[in-house]
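Working notes, beginning with the structure itself.
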Amino acid sequence: MYKTFKVINMKFTNINRKLIPIVLLSALIGMSSCQDFLEQPTDSITTLDSVFANPDNAMFAFYNAYNVSLTWNRGLRQYPNTGNQLAYGYPLNPTGGTLFGNGGNAQTMFYSDEASQELLSGNTAILFIFGNWGPSGNYQREFPTVGVMSAIRACNIFIENAPNVPLMTTPKWVWNEAFRNQVIAEVRILRAFLHFENFRRFGGMPILDKVSKFEETPGQLVVTPSSERRSLKSTIDFVVKECEEAMPYLKQPEEFSNAETGRIHFGVALALKARALLYAASPLYNETSAELPERCENGRDSLLCYGNFDANRWKLAADAYQLAIDWAESKGKVLLDDPTLGKTDSYVLGSESPRALSPKNNESIYYISHGPDDLDARTYRTGGPLLFAGGWGTIAGAGFKFIKDNYRDVNGNPLNIPETGTFSELKSIFRKAEPRFHASIWMPGFKYSTIDQTSQITKFGTADTALFKYRSLTNELKDASSSTVVIQTEQPGFFYTKKWRQIYTSSPYFVTWTEFRLSEFYLSYAEAMNEFNPNDPQILYYLNKLRVRGGIPEIQTSDQRFGNKESMRAEIRRERAVELYGDEHRYFDVRRWKIADQTMGGDWYKVVLYQNSATAYVNPTTSMTPAQRLANDATISYRFEKLSTHVWAPKMYFYPFYQPEVDKGVIVQNPGW
């Protein structure tokens with residue numbers, strides 16, 4: 001199978017362009033067919049010996065491992081979905097296009113309760129939310145299994161062959177023992193990260209820690225390492241062990257130059273180890289039995305759980321996060337809280353331009369950047385900052401149920417949102433919402449931002465009553481503006497995500513995705529320690545750091561929630577939902593907590609605006625008095641109407657394996673599929 005090749009626009013990737021031609025090495029490392037993976041293609045002049053004959057060529061293979069390990073990943077991924085274009089890592093559909101491509105930016109938002117996508121048949125999220133996916137036919141379109149496996153193989157090729165590179169100095173590199181150990185350690189973390197991503201979707205997975213070798217024996221073909229699934233425990237242990245063994249050889253972030261921004265450093269290994277242990281301690285895995293009883297039999301080590309509950313797993317996770325916090329704070333990492341911008345605008349990124357790289361944005365532990373060849377105006381469309389109807393149609397909106405369940409007012413109390421009322425009444429409720437709501441989500445009637453970098457947002461979103469649509473007395477969809485480009489409502493309507501607004505820049509279109517941040521460390525420590533020792537004062541210490549930065553009151557030790565594991569668990573989960581909104585945690589959090597049936601299934605609602613009297617709504621002007629604005633808003637009312645019913649089944653806690661692969665008799669299919 002051949003693949004397209006994309007380069008992540010980390011600064012260090014500029015080095016790639018000066019090295020040996022990319023096509024030859026990608027053909028060698030990325031090919032996948034019936035032949036031995038290491039078998040030399042007949043039409044290629046590149047061999048492993050030539051690639052690893054000197055440091056210059058070896059470092060090309062090093063950067064290639066980065067590229068193929070990260071291009072598929074996280075909320076910024078975007079794959080072609082039309083014609084015969086290929087999305088990296090996806091098998092071809094015999095009828096054209098990709099078999100399970102059609103990705104999109106932050107697409108897991110639409111599979112969880114964070115957002116809802118327009119109900120059009122071509123949208124990937126529709127398969128998930130209506131349960132129309134499985135082990136064949138409409139296979140899962142969220143995770144490029146083939147691409148990830150290819151990336152692991154690319155990592156293995158480098159790890160196994162880098163020791164063969166002669167120790168020498170070239171004009172570009174000083175390839176000594178210390179440097180060799182460092183770059184191998186970096187790629188080991190990439191490989192561990194890929195195994196973790198496999199695990200949290202499928203459970204126990206094959207551990208691919210060597211380049212595949214094939215040996216024919218009488219009557220059978222022996223593959224090393226085995227492609228059979230390993231237990232969940234073995235998979236997590238492998239990720240943790242890789243992190244621990246790589247740490248002594250990894251650089252600290254300050255040891256890299258600006259041109260090397262994006263390289264794996266010591267803190268990434270700490271963060272990945274801690275995250276793996278947090279998952280290991282979570283209810284989906286740290287259990288004796290579950291809704292899928294065939295997973296854990298007689299307490300034995302299982303493909304999908306430990307087969308027993310052990311509270312000490314929470315302690316291991318808390319200890320790992322404490323180490324990560326101590327390290328981060330020793331490096332000067334602090335929560336972003338810029339008083340010159342206020343809580344709403346400083347919450348996401350710092351004040352200097354480009355904001356993604358602002359010196360004040362010292363909360364980020366590790367981030368990835370995608371550049372102008374990957375993203376354009378579509379950044380706004382699928383989980384991006386704001387969605388416009390002009391020419392594109394409405395694609396998505398923030399989930400109303402998520403908002404109602406998780407956001408608080410400035411005093412820390414639940415938002416009381418009646419099912420019906422006037423537009424002015426609804427705006428009044430959200431004027432009192434905590435700043436983190438307005439930092440992450442936008443609704444008509446509020447200024448989008450005062451510090452945007454894009455003409456698109458500046459043009460359509462800065463008015464205090466921005467553009468929208470509503471139903472007239474005759475049920476016609478009318479524009480509340482004289483503009484021809486308006487913000488769509490109703491499907492899915494009204495509330496829109498905007499958390500990444502500062503990340504999007506025009507010329508070039510660089511978008512930054514933060515993989516690990518300090519706020520995640522604080523929340524994960526609080527969660528793990530609450531499960532192990534709910535009376536630990538550090539729980540409130542770290543939780544209150546986030547609440548103060550978020551603009552809501554601290555929780556005192558006298559609060560009845562403190563020391564009550566169940567009550568504090570609910571509060572920590574709520575804080576995590578709000579603080580990490582849109583960061584691609586929610587989709588996996590509700591799985592590991594085993595509450596997906598409460599958050600991902602059931603009825604979804606939309607907001608419908610409609611004219612409620614003969615007095616028509618008029619486009620606001622700067623000359624209007626506050627009283628006139630309120631009266632104008634009162635001419636429109638809102639109501640919540642059912643948008644769709646989402647499907648959730650227990651089997652969906654784990655992805656199915658692609659059935660043609662299962663039919664080969666090596667991979668065991670997950671239960672229920």
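Chain lettering (A, B, ...) mirrors the order of the structure tokens, residue numbering begins at 1 for each chain separately, and ligand numbering begins at 1 in order of display.
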Requested in this report: For Thr557 in chain A, work out the shell of residues within 12 Å, counting only C-alpha atoms and skipping chain neighbours fewer than 4 positions away, then give it as number ranges by chain.
Outcome: A: 534-541, 543-544, 561-564, 568
Residues from last step as file, C-alpha atoms, as a PDB file, in the first residue's frame:
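Writing done, so here's selection.pdb:
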ATOM      1  CA  PRO A 534      -9.875  12.113  49.584  1.00  0.00           C
ATOM      2  CA  ASN A 535      -8.581  13.969  52.656  1.00  0.00           C
ATOM      3  CA  ASP A 536      -5.307  14.984  51.014  1.00  0.00           C
ATOM      4  CA  PRO A 537      -5.153  18.834  51.146  1.00  0.00           C
ATOM      5  CA  GLN A 538      -3.187  18.892  47.872  1.00  0.00           C
ATOM      6  CA  ILE A 539      -6.426  18.023  46.082  1.00  0.00           C
ATOM      7  CA  LEU A 540      -7.899  21.431  46.883  1.00  0.00           C
ATOM      8  CA  TYR A 541      -4.552  23.165  46.449  1.00  0.00           C
ATOM      9  CA  LEU A 543      -8.008  22.366  42.072  1.00  0.00           C
ATOM     10  CA  ASN A 544      -8.241  25.880  43.475  1.00  0.00           C
ATOM     11  CA  ARG A 561     -17.397  18.131  49.183  1.00  0.00           C
ATOM     12  CA  PHE A 562     -13.870  17.964  50.568  1.00  0.00           C
ATOM     13  CA  GLY A 563     -13.160  14.537  52.030  1.00  0.00           C
ATOM     14  CA  ASN A 564     -16.246  13.066  50.377  1.00  0.00           C
ATOM     15  CA  MET A 568     -15.346  15.657  45.075  1.00  0.00           C
TER      16      MET A 568
END
Requested in this report: Any chance you could list, as a ChimeraX atom specification, the residues in range 133-350 of chain A that come up alpha helix (DSSP H) when DSSP is run on the backbone?
Outcome: /A:145-161,177-202,232-246,266-281,312-330,342-346
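Coordinates place CA of Ile441 in chain A at a distance of 29.3 Å from CA of Glu329 in chain A.
The interatomic distance for the pair CA of Pro444 in chain A and CA of Lys404 in chain A works out to 17.0 Å.
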Query - Which residue of A:Val607, A:Leu546, A:Leu303, A:Met600 approaches Ser231 in chain A most closely, using only C-alpha atoms - result: A:Leu303
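If only C-alpha atoms are the atoms counted, then among A:Ile552, A:Leu208, A:Ile595, A:Val590 the closest residue to Thr224 in chain A is A:Leu208.
CA of Asn181 in chain A is positioned 16.3 Å from CA of Phe60 in chain A.
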Query - Selection: 7 Å around Tyr496 in chain A, only C-alpha atoms, excl. self and same-chain fewer than 2 positions, as number ranges by chain - result: A: 386, 397-398, 441-443, 494, 498
Based on the selection just made, write N, CA, C and O atoms of those residues as a short mmCIF file (atom, residue, chain, number, x, y, z; two decimals), in the first residue's frame.
data_model
loop_
_atom_site.label_atom_id
_atom_site.label_comp_id
_atom_site.auth_asym_id
_atom_site.auth_seq_id
_atom_site.Cartn_x
_atom_site.Cartn_y
_atom_site.Cartn_z
N LEU A 386 -15.22 29.36 14.91
CA LEU A 386 -16.56 29.85 14.67
C LEU A 386 -17.03 29.35 13.31
O LEU A 386 -16.26 29.20 12.39
N GLY A 397 -21.81 22.89 16.45
CA GLY A 397 -22.05 23.82 17.54
C GLY A 397 -21.69 23.18 18.86
O GLY A 397 -21.57 21.95 18.95
N ALA A 398 -21.47 23.99 19.88
CA ALA A 398 -21.18 23.45 21.20
C ALA A 398 -22.41 22.77 21.76
O ALA A 398 -23.54 23.20 21.53
N ILE A 441 -16.59 29.19 24.42
CA ILE A 441 -17.85 29.06 23.67
C ILE A 441 -18.43 30.45 23.42
O ILE A 441 -18.36 31.33 24.28
N TRP A 442 -18.99 30.61 22.23
CA TRP A 442 -19.61 31.88 21.88
C TRP A 442 -21.09 31.66 21.56
O TRP A 442 -21.47 30.63 21.00
N MET A 443 -21.91 32.66 21.92
CA MET A 443 -23.32 32.67 21.54
C MET A 443 -23.68 34.06 21.06
O MET A 443 -23.07 35.05 21.47
N PHE A 494 -26.66 27.81 17.49
CA PHE A 494 -26.62 28.81 18.53
C PHE A 494 -25.31 28.91 19.31
O PHE A 494 -24.68 29.94 19.31
N LYS A 498 -15.04 28.20 20.34
CA LYS A 498 -14.09 29.23 19.89
C LYS A 498 -12.77 29.14 20.64
O LYS A 498 -11.95 30.05 20.55
#
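Nearest residue to Lys273 in chain A, choosing from A:Ala311, A:Arg586, A:Ala320, A:Phe521 and counting only C-alpha atoms: A:Ala320.
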**Report entry** Nearest to Gln611 in chain A, chosen from A:Gly550, A:Gly131, A:Gly421, A:Pro671, with only C-alpha atoms counted in the distances
**Finding:** A:Gly421
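When only C-alpha atoms are used to compute distances to Phe640 in chain A, the closest of the residues A:Ala178, A:Ile365, A:Ile417, A:Met109 turns out to be A:Ile417.
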**Report entry** From A:Tyr249, A:Phe62, A:Tyr111, A:Tyr525, residue lying nearest Leu323 in chain A [only C-alpha atoms]
**Finding:** A:Tyr525
Report task. Do a neighbour search on Cys243 in chain A at 10 Å with only C-alpha atoms, toss out local chain neighbours closer than 2 positions, and write the hits as a PyMOL selection string. Result -> chain A and resi 185-186+188-193+237-241+245-248+266+268-274
Requested in this report: May I have the residues within 9 Å of Glu160 in chain A as a PyMOL selection string, using only C-alpha atoms and disregarding those fewer than 5 positions away in the same chain?
Outcome: chain A and resi 155+184+210-211
The selected residues should be written to file as a tab-separated table (two decimals), in the first residue's frame (atoms: C-alpha atoms).
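The resulting part.tsv:
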chain	number	residue	atom	x	y	z
A	155	CYS	CA	10.21	4.09	14.87
A	184	ILE	CA	16.93	6.85	20.21
A	210	LYS	CA	11.05	-4.73	17.06
A	211	VAL	CA	11.04	-4.59	13.29
**Report entry** Contact residues around Asn413 in chain A with only C-alpha atoms at 10 Å, ignoring same-chain residues under 3 positions, as number ranges by chain
**Finding:** A: 407-410, 416, 433-434, 552-553
Query - For Tyr610 in chain A: contacts at 8 Å, only C-alpha atoms, fewer than 5 positions along chain excluded, given as a ChimeraX atom specification - result: /A:470-473,475,636-638
For the selection just defined, write its residues with N, CA and C atoms to a file, as a short mmCIF file (atom, residue, chain, number, x, y, z; two decimals), in the first residue's frame.
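File selection-v8.cif, as written:
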data_model
loop_
_atom_site.label_atom_id
_atom_site.label_comp_id
_atom_site.auth_asym_id
_atom_site.auth_seq_id
_atom_site.Cartn_x
_atom_site.Cartn_y
_atom_site.Cartn_z
N TYR A 470 -33.18 33.75 12.78
CA TYR A 470 -34.31 33.41 13.64
C TYR A 470 -35.53 33.16 12.77
N ARG A 471 -36.56 32.56 13.36
CA ARG A 471 -37.80 32.27 12.65
C ARG A 471 -38.78 33.44 12.79
N SER A 472 -39.37 33.84 11.66
CA SER A 472 -40.35 34.92 11.67
C SER A 472 -41.71 34.39 12.13
N LEU A 473 -42.69 35.27 12.21
CA LEU A 473 -44.04 34.86 12.60
C LEU A 473 -44.61 33.85 11.61
N ASN A 475 -42.72 31.60 10.20
CA ASN A 475 -41.79 30.46 10.27
C ASN A 475 -40.71 30.49 9.20
N ILE A 636 -37.55 38.63 20.38
CA ILE A 636 -37.21 37.27 19.96
C ILE A 636 -37.22 36.38 21.19
N SER A 637 -37.78 35.20 21.05
CA SER A 637 -37.76 34.21 22.13
C SER A 637 -36.96 33.00 21.69
N TYR A 638 -36.69 32.14 22.64
CA TYR A 638 -35.96 30.90 22.34
C TYR A 638 -36.72 29.72 22.91
#
